[in-house]
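Text of upload_34.txt, listed as compact mmCIF, N, CA and C atoms:
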# COMPACT_ATOMS: atom_id res chain seq x y z
N MET H 193 -28.57 21.30 16.05
CA MET H 193 -27.38 21.82 15.40
C MET H 193 -26.72 20.76 14.54
N ILE H 194 -26.24 21.16 13.43
CA ILE H 194 -25.57 20.26 12.49
C ILE H 194 -24.10 20.15 12.85
N PHE H 195 -23.56 18.97 12.62
CA PHE H 195 -22.15 18.69 12.93
C PHE H 195 -21.68 17.72 11.87
N GLY H 196 -20.79 18.14 11.00
CA GLY H 196 -20.41 17.22 9.95
C GLY H 196 -19.22 17.66 9.15
N SER H 197 -19.16 17.15 7.93
CA SER H 197 -17.96 17.34 7.11
C SER H 197 -17.99 18.58 6.23
N THR H 198 -19.14 19.22 6.09
CA THR H 198 -19.16 20.43 5.28
C THR H 198 -18.63 21.60 6.11
N PRO H 199 -18.12 22.65 5.47
CA PRO H 199 -17.62 23.79 6.24
C PRO H 199 -18.66 24.37 7.20
N ALA H 200 -19.91 24.49 6.76
CA ALA H 200 -20.95 25.05 7.64
C ALA H 200 -21.20 24.13 8.83
N ALA H 201 -21.27 22.84 8.57
CA ALA H 201 -21.51 21.88 9.65
C ALA H 201 -20.35 21.87 10.62
N SER H 202 -19.15 21.86 10.12
CA SER H 202 -17.98 21.88 10.99
C SER H 202 -17.93 23.16 11.81
N ALA H 203 -18.36 24.27 11.24
CA ALA H 203 -18.38 25.53 11.97
C ALA H 203 -19.32 25.45 13.17
N CYS H 204 -20.46 24.81 13.00
CA CYS H 204 -21.39 24.65 14.12
C CYS H 204 -20.77 23.82 15.22
N GLY H 205 -20.13 22.72 14.85
CA GLY H 205 -19.45 21.89 15.85
C GLY H 205 -18.31 22.63 16.49
N SER H 206 -17.57 23.39 15.70
CA SER H 206 -16.46 24.18 16.23
C SER H 206 -16.97 25.21 17.22
N TRP H 207 -18.11 25.83 16.92
CA TRP H 207 -18.70 26.81 17.82
C TRP H 207 -19.05 26.16 19.15
N ALA H 208 -19.68 24.99 19.11
CA ALA H 208 -20.08 24.30 20.34
C ALA H 208 -18.86 23.97 21.19
N TYR H 209 -17.74 23.68 20.55
CA TYR H 209 -16.53 23.30 21.27
C TYR H 209 -15.55 24.48 21.42
N GLN H 210 -16.02 25.68 21.13
CA GLN H 210 -15.21 26.89 21.24
C GLN H 210 -13.88 26.76 20.50
N ALA H 211 -13.92 26.11 19.35
CA ALA H 211 -12.75 25.92 18.48
C ALA H 211 -11.60 25.24 19.20
N ASN H 212 -11.91 24.22 19.99
CA ASN H 212 -10.91 23.43 20.71
C ASN H 212 -11.04 21.96 20.35
N CYS H 213 -9.92 21.26 20.31
CA CYS H 213 -9.97 19.80 20.29
C CYS H 213 -10.46 19.35 21.66
N ALA H 214 -11.44 18.48 21.70
CA ALA H 214 -12.02 18.02 22.96
C ALA H 214 -11.05 17.17 23.77
N VAL H 215 -9.97 16.68 23.15
CA VAL H 215 -8.98 15.86 23.85
C VAL H 215 -7.81 16.71 24.32
N CYS H 216 -7.18 17.44 23.42
CA CYS H 216 -5.93 18.15 23.74
C CYS H 216 -6.06 19.66 23.83
N HIS H 217 -7.23 20.20 23.51
CA HIS H 217 -7.51 21.64 23.56
C HIS H 217 -6.77 22.46 22.51
N LEU H 218 -6.24 21.81 21.48
CA LEU H 218 -5.60 22.54 20.39
C LEU H 218 -6.59 23.55 19.82
N ARG H 219 -6.14 24.78 19.61
CA ARG H 219 -7.05 25.85 19.19
C ARG H 219 -6.78 26.34 17.76
N HIS H 220 -6.20 25.54 16.93
CA HIS H 220 -5.98 25.92 15.53
C HIS H 220 -7.11 25.34 14.70
N GLU H 221 -8.07 26.19 14.36
CA GLU H 221 -9.27 25.71 13.66
C GLU H 221 -8.95 24.95 12.38
N GLU H 222 -7.86 25.32 11.70
CA GLU H 222 -7.51 24.63 10.47
C GLU H 222 -7.08 23.18 10.71
N LEU H 223 -6.83 22.83 11.97
CA LEU H 223 -6.45 21.46 12.33
C LEU H 223 -7.56 20.73 13.07
N LEU H 224 -8.75 21.32 13.15
CA LEU H 224 -9.87 20.69 13.84
C LEU H 224 -10.86 20.10 12.84
N GLU H 225 -11.47 19.02 13.27
CA GLU H 225 -12.46 18.33 12.43
C GLU H 225 -13.63 17.89 13.30
N ALA H 226 -14.76 17.70 12.65
CA ALA H 226 -15.96 17.18 13.30
C ALA H 226 -15.94 15.65 13.18
N ALA H 227 -15.77 14.98 14.30
CA ALA H 227 -15.73 13.52 14.31
C ALA H 227 -17.10 12.97 14.70
N HIS H 228 -17.66 12.11 13.87
CA HIS H 228 -18.92 11.47 14.20
C HIS H 228 -18.69 10.39 15.25
N ILE H 229 -19.60 10.28 16.20
CA ILE H 229 -19.54 9.17 17.16
C ILE H 229 -20.12 7.93 16.48
N LEU H 230 -21.35 8.03 15.99
CA LEU H 230 -21.96 6.97 15.20
C LEU H 230 -21.87 7.40 13.74
N PRO H 231 -21.42 6.53 12.85
CA PRO H 231 -21.17 6.92 11.46
C PRO H 231 -22.44 7.25 10.68
N ASP H 232 -22.25 7.89 9.53
CA ASP H 232 -23.35 8.30 8.67
C ASP H 232 -24.33 7.17 8.35
N GLY H 233 -23.85 5.97 8.11
CA GLY H 233 -24.72 4.87 7.73
C GLY H 233 -25.52 4.27 8.88
N HIS H 234 -25.20 4.63 10.10
CA HIS H 234 -25.89 4.12 11.29
C HIS H 234 -27.27 4.78 11.39
N PRO H 235 -28.30 4.05 11.85
CA PRO H 235 -29.64 4.66 11.96
C PRO H 235 -29.67 5.94 12.80
N GLN H 236 -28.79 6.07 13.78
CA GLN H 236 -28.74 7.28 14.60
C GLN H 236 -27.51 8.13 14.28
N GLY H 237 -26.88 7.87 13.15
CA GLY H 237 -25.67 8.58 12.76
C GLY H 237 -25.92 9.92 12.10
N LEU H 238 -26.80 10.69 12.66
CA LEU H 238 -27.14 11.99 12.08
C LEU H 238 -26.04 13.02 12.34
N PRO H 239 -25.90 14.00 11.45
CA PRO H 239 -24.89 15.04 11.62
C PRO H 239 -25.35 16.14 12.58
N VAL H 240 -25.52 15.79 13.85
CA VAL H 240 -25.94 16.74 14.88
C VAL H 240 -24.87 16.78 15.98
N VAL H 241 -24.79 17.88 16.69
CA VAL H 241 -23.73 18.07 17.68
C VAL H 241 -23.66 16.93 18.70
N PRO H 242 -24.77 16.42 19.26
CA PRO H 242 -24.65 15.32 20.23
C PRO H 242 -24.09 14.01 19.65
N ASN H 243 -24.02 13.91 18.33
CA ASN H 243 -23.40 12.75 17.68
C ASN H 243 -22.00 13.09 17.17
N GLY H 244 -21.38 14.07 17.77
CA GLY H 244 -20.07 14.45 17.30
C GLY H 244 -19.19 14.99 18.40
N VAL H 245 -17.91 15.06 18.06
CA VAL H 245 -16.91 15.61 18.96
C VAL H 245 -15.93 16.39 18.08
N ALA H 246 -15.55 17.58 18.51
CA ALA H 246 -14.54 18.35 17.79
C ALA H 246 -13.17 17.80 18.19
N LEU H 247 -12.43 17.31 17.21
CA LEU H 247 -11.12 16.72 17.46
C LEU H 247 -10.10 17.28 16.48
N CYS H 248 -8.85 17.36 16.91
CA CYS H 248 -7.78 17.70 15.98
C CYS H 248 -7.59 16.51 15.04
N LYS H 249 -6.86 16.72 13.98
CA LYS H 249 -6.69 15.68 12.97
C LYS H 249 -6.07 14.40 13.55
N LEU H 250 -5.10 14.54 14.46
CA LEU H 250 -4.49 13.36 15.08
C LEU H 250 -5.51 12.57 15.89
N HIS H 251 -6.24 13.25 16.75
CA HIS H 251 -7.18 12.56 17.61
C HIS H 251 -8.39 12.04 16.85
N HIS H 252 -8.78 12.72 15.78
CA HIS H 252 -9.86 12.21 14.93
C HIS H 252 -9.43 10.90 14.27
N ALA H 253 -8.23 10.87 13.71
CA ALA H 253 -7.74 9.65 13.07
C ALA H 253 -7.60 8.52 14.09
N ALA H 254 -7.11 8.83 15.28
CA ALA H 254 -6.96 7.82 16.33
C ALA H 254 -8.33 7.31 16.78
N PHE H 255 -9.32 8.19 16.87
CA PHE H 255 -10.69 7.81 17.24
C PHE H 255 -11.28 6.89 16.18
N ASP H 256 -11.14 7.25 14.91
CA ASP H 256 -11.68 6.43 13.82
C ASP H 256 -10.99 5.07 13.71
N ALA H 257 -9.71 5.01 14.09
CA ALA H 257 -8.94 3.76 14.02
C ALA H 257 -9.05 2.93 15.31
N HIS H 258 -9.86 3.38 16.24
CA HIS H 258 -10.05 2.70 17.53
C HIS H 258 -8.74 2.60 18.32
N ILE H 259 -7.89 3.59 18.15
CA ILE H 259 -6.69 3.74 18.97
C ILE H 259 -7.05 4.56 20.20
N LEU H 260 -7.96 5.50 20.03
CA LEU H 260 -8.45 6.34 21.10
C LEU H 260 -9.93 6.05 21.28
N GLY H 261 -10.33 5.79 22.50
CA GLY H 261 -11.74 5.55 22.81
C GLY H 261 -12.24 6.59 23.78
N ILE H 262 -13.53 6.87 23.72
CA ILE H 262 -14.16 7.82 24.65
C ILE H 262 -15.27 7.07 25.38
N ARG H 263 -15.11 6.98 26.69
CA ARG H 263 -16.11 6.29 27.51
C ARG H 263 -17.36 7.16 27.65
N PRO H 264 -18.50 6.55 27.99
CA PRO H 264 -19.73 7.33 28.17
C PRO H 264 -19.64 8.37 29.30
N ASP H 265 -18.67 8.22 30.20
CA ASP H 265 -18.48 9.21 31.27
C ASP H 265 -17.50 10.31 30.84
N TYR H 266 -17.20 10.38 29.55
CA TYR H 266 -16.36 11.41 28.93
C TYR H 266 -14.88 11.29 29.31
N HIS H 267 -14.42 10.10 29.61
CA HIS H 267 -12.99 9.89 29.83
C HIS H 267 -12.39 9.23 28.60
N VAL H 268 -11.15 9.59 28.33
CA VAL H 268 -10.42 9.11 27.15
C VAL H 268 -9.58 7.90 27.54
N GLU H 269 -9.56 6.92 26.66
CA GLU H 269 -8.68 5.76 26.83
C GLU H 269 -7.89 5.58 25.54
N ILE H 270 -6.66 5.14 25.71
CA ILE H 270 -5.80 4.80 24.58
C ILE H 270 -5.64 3.28 24.59
N ARG H 271 -5.69 2.68 23.42
CA ARG H 271 -5.59 1.23 23.29
C ARG H 271 -4.31 0.71 23.95
N LEU H 272 -4.41 -0.40 24.64
CA LEU H 272 -3.32 -0.95 25.44
C LEU H 272 -2.03 -1.16 24.64
N ASP H 273 -2.13 -1.72 23.44
CA ASP H 273 -0.91 -1.96 22.67
C ASP H 273 -0.20 -0.65 22.32
N VAL H 274 -0.97 0.42 22.12
CA VAL H 274 -0.38 1.72 21.82
C VAL H 274 0.23 2.32 23.08
N LEU H 275 -0.39 2.10 24.22
CA LEU H 275 0.18 2.57 25.49
C LEU H 275 1.53 1.92 25.78
N GLU H 276 1.70 0.69 25.34
CA GLU H 276 2.92 -0.06 25.63
C GLU H 276 4.04 0.21 24.62
N GLU H 277 3.74 0.90 23.53
CA GLU H 277 4.74 1.21 22.51
C GLU H 277 5.71 2.28 23.00
N SER H 278 6.89 2.26 22.41
CA SER H 278 7.87 3.32 22.62
C SER H 278 8.29 3.80 21.25
N ASP H 279 7.83 5.01 20.88
CA ASP H 279 8.06 5.47 19.51
C ASP H 279 8.26 6.98 19.43
N GLY H 280 8.83 7.58 20.43
CA GLY H 280 9.16 8.99 20.33
C GLY H 280 8.15 9.93 20.96
N PRO H 281 8.44 11.23 20.89
CA PRO H 281 7.64 12.21 21.61
C PRO H 281 6.22 12.40 21.09
N MET H 282 5.97 12.22 19.81
CA MET H 282 4.60 12.42 19.32
C MET H 282 3.66 11.36 19.89
N LEU H 283 4.11 10.12 19.94
CA LEU H 283 3.29 9.07 20.52
C LEU H 283 3.06 9.34 22.00
N LYS H 284 4.14 9.67 22.69
CA LYS H 284 4.05 9.90 24.14
C LYS H 284 3.15 11.10 24.46
N HIS H 285 3.45 12.25 23.85
CA HIS H 285 2.73 13.48 24.19
C HIS H 285 1.42 13.64 23.41
N GLY H 286 1.34 13.04 22.23
CA GLY H 286 0.15 13.21 21.39
C GLY H 286 -0.96 12.23 21.69
N LEU H 287 -0.60 11.06 22.25
CA LEU H 287 -1.63 10.05 22.53
C LEU H 287 -1.55 9.52 23.96
N GLN H 288 -0.41 8.93 24.31
CA GLN H 288 -0.31 8.21 25.58
C GLN H 288 -0.64 9.07 26.80
N GLU H 289 -0.22 10.31 26.80
CA GLU H 289 -0.45 11.17 27.96
C GLU H 289 -1.92 11.54 28.16
N PHE H 290 -2.77 11.27 27.18
CA PHE H 290 -4.19 11.59 27.32
C PHE H 290 -4.99 10.41 27.85
N HIS H 291 -4.34 9.27 28.07
CA HIS H 291 -5.01 8.09 28.62
C HIS H 291 -5.58 8.44 30.00
N HIS H 292 -6.84 8.18 30.19
CA HIS H 292 -7.61 8.46 31.41
C HIS H 292 -7.86 9.95 31.63
N GLY H 293 -7.57 10.77 30.62
CA GLY H 293 -7.91 12.19 30.71
C GLY H 293 -9.40 12.38 30.52
N ARG H 294 -9.86 13.55 30.86
CA ARG H 294 -11.28 13.87 30.71
C ARG H 294 -11.49 14.65 29.41
N LEU H 295 -12.49 14.24 28.66
CA LEU H 295 -12.86 14.92 27.43
C LEU H 295 -13.45 16.28 27.77
N TRP H 296 -13.02 17.31 27.04
CA TRP H 296 -13.63 18.63 27.21
C TRP H 296 -14.94 18.61 26.45
N THR H 297 -16.01 19.03 27.10
CA THR H 297 -17.33 19.04 26.46
C THR H 297 -17.96 20.42 26.60
N PRO H 298 -18.89 20.74 25.71
CA PRO H 298 -19.60 22.01 25.84
C PRO H 298 -20.35 22.10 27.17
N ARG H 299 -20.55 23.31 27.64
CA ARG H 299 -21.25 23.50 28.93
C ARG H 299 -22.72 23.15 28.85
N ARG H 300 -23.35 23.50 27.74
CA ARG H 300 -24.80 23.24 27.61
C ARG H 300 -25.04 21.74 27.41
N PRO H 301 -25.84 21.13 28.27
CA PRO H 301 -26.08 19.68 28.16
C PRO H 301 -26.57 19.23 26.79
N VAL H 302 -27.37 20.04 26.12
CA VAL H 302 -27.91 19.68 24.81
C VAL H 302 -26.81 19.55 23.76
N LEU H 303 -25.65 20.16 24.00
CA LEU H 303 -24.53 20.10 23.05
C LEU H 303 -23.50 19.03 23.38
N LYS H 304 -23.61 18.41 24.53
CA LYS H 304 -22.64 17.38 24.94
C LYS H 304 -22.81 16.11 24.09
N PRO H 305 -21.74 15.34 23.93
CA PRO H 305 -21.89 14.06 23.22
C PRO H 305 -22.90 13.16 23.94
N ASN H 306 -23.73 12.51 23.18
CA ASN H 306 -24.75 11.63 23.73
C ASN H 306 -24.07 10.41 24.37
N PRO H 307 -24.23 10.19 25.69
CA PRO H 307 -23.58 9.05 26.35
C PRO H 307 -23.98 7.70 25.78
N GLU H 308 -25.21 7.57 25.29
CA GLU H 308 -25.63 6.30 24.68
C GLU H 308 -24.86 6.04 23.39
N PHE H 309 -24.63 7.09 22.61
CA PHE H 309 -23.84 6.94 21.39
C PHE H 309 -22.40 6.60 21.73
N LEU H 310 -21.86 7.27 22.76
CA LEU H 310 -20.48 6.99 23.18
C LEU H 310 -20.35 5.55 23.68
N GLU H 311 -21.36 5.06 24.38
CA GLU H 311 -21.33 3.69 24.88
C GLU H 311 -21.25 2.69 23.73
N GLU H 312 -22.04 2.92 22.69
CA GLU H 312 -22.02 2.03 21.53
C GLU H 312 -20.67 2.10 20.82
N ARG H 313 -20.15 3.31 20.66
CA ARG H 313 -18.85 3.48 20.00
C ARG H 313 -17.71 2.91 20.86
N TYR H 314 -17.80 3.09 22.18
CA TYR H 314 -16.78 2.58 23.09
C TYR H 314 -16.72 1.05 23.04
N ALA H 315 -17.85 0.40 22.84
CA ALA H 315 -17.86 -1.06 22.71
C ALA H 315 -17.03 -1.49 21.51
N LEU H 316 -17.07 -0.75 20.42
CA LEU H 316 -16.23 -1.05 19.25
C LEU H 316 -14.76 -0.86 19.58
N PHE H 317 -14.43 0.17 20.33
CA PHE H 317 -13.06 0.41 20.78
C PHE H 317 -12.58 -0.78 21.63
N ARG H 318 -13.43 -1.23 22.54
CA ARG H 318 -13.05 -2.36 23.42
C ARG H 318 -12.83 -3.64 22.61
N GLU H 319 -13.61 -3.85 21.57
CA GLU H 319 -13.41 -5.02 20.71
C GLU H 319 -12.08 -4.97 19.99
N ALA H 320 -11.60 -3.77 19.72
CA ALA H 320 -10.33 -3.61 18.99
C ALA H 320 -9.11 -3.83 19.88
N THR H 321 -9.31 -3.85 21.19
CA THR H 321 -8.16 -4.00 22.11
C THR H 321 -7.81 -5.44 22.37
Before anything else, please render the file you have as structure tokens.
Amino acid sequence: MIFGSTPAASACGSWAYQANCAVCHLRHEELLEAAHILPDGHPQGLPVVPNGVALCKLHHAAFDAHILGIRPDYHVEIRLDVLEESDGPMLKHGLQEFHHGRLWTPRRPVLKPNPEFLEERYALFREAT
């Protein structure tokens, strides 16, 4: 299955995730995006569902900026400096409260994020902390 930035590719990823953000379960498809685990330029950065996660725009941006990390066991972590900030309800409810939460994943194992890809991406998150 394809998972990417084109409308058709995003639709496939959205289908696998039942049109939910994998972090917060937001169900507004117009606010969901297909986030690559390994980027396009990476040798394994193919636009397939196991190399992607359906995320809302906030969580996609946080994932790309290494503010939000996803461990290979599908748990979410928020970068320590962001956890220690005090900046209003969006920071608290939009990011901080998801620290140590479990990522929602598709039921079919073939559609779940590849743990090896998550491990490589999580190492980049850890370097940013």
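Put simply, atom N of Asp232 (chain H) is 29.6 Å away from atom C of Lys284 (chain H).
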Could you jot down the CA of Gln210 (chain H) to atom N of Pro298 (chain H) separation for me, Å, one decimal place?
-> 8.4 Å
CA of Ala211 (chain H) to CA of Met282 (chain H), straight-line distance in Å =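 CA of Ala211 (chain H) lies 22.0 Å from CA of Met282 (chain H).
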Residues of chain H in helix (DSSP H, G or I) according to DSSP, as a PyMOL selection string?
-> chain H and resi 199-208+221-223+241-243+249-256+272-275+281-286+288-290+301-303+307-320
Rank nothing, just name the residue among H:His228, H:Arg219, H:His292, H:His258 nearest to Phe309 (chain H), using only C-alpha atoms.
->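 Going through H:His228, H:Arg219, H:His292, H:His258 one by one, the smallest distance to Phe309 (chain H) is for H:His228.
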Please provide the set of residues having any atom within 8 Å of Asp265 (chain H), restricted to only N, CA and C atoms, with same-chain residues fewer than 6 positions apart removed, written as a list in words.
-> Arg294, Leu295, Pro307, Leu310 and Glu311 of chain H
Determine, counting all atoms listed in the file, which protein, DNA and RNA residues have an atom within 8 Å of an atom of region 300-305 of chain H; residues of the same chain fewer than 2 positions away are not included. Present the result as a VMD selection string.
-> chain H and resid 208 to 209 240 to 245 264 296 to 298 307 to 310
Out of H:Ile270, H:Leu224, H:Ile229, H:Ala320, which residue has the shortest atom-to-atom distance to Leu250 (chain H) when counting only C-alpha atoms?
-> H:Leu224
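The nearest approach to Val215 (chain H) among the residues H:Leu316, H:Glu277, H:Thr321, H:Leu247, with only N, CA and C atoms taken into account, belongs to H:Leu247.
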Quick one: of H:Gly286, H:Gly237, H:Pro231, H:Gly293, who's nearest to Asp256 (chain H), counting only C-alpha atoms?
->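 Closest residue, counting only C-alpha atoms: H:Pro231.
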Strand (DSSP E or B) per DSSP on the backbone: members of region 197-309 of chain H, as JSON, numbers by chain = {"H": [224, 225, 226, 227, 228, 240, 244, 245, 246, 247, 248, 260, 261, 262, 267, 268, 269, 270, 294]}
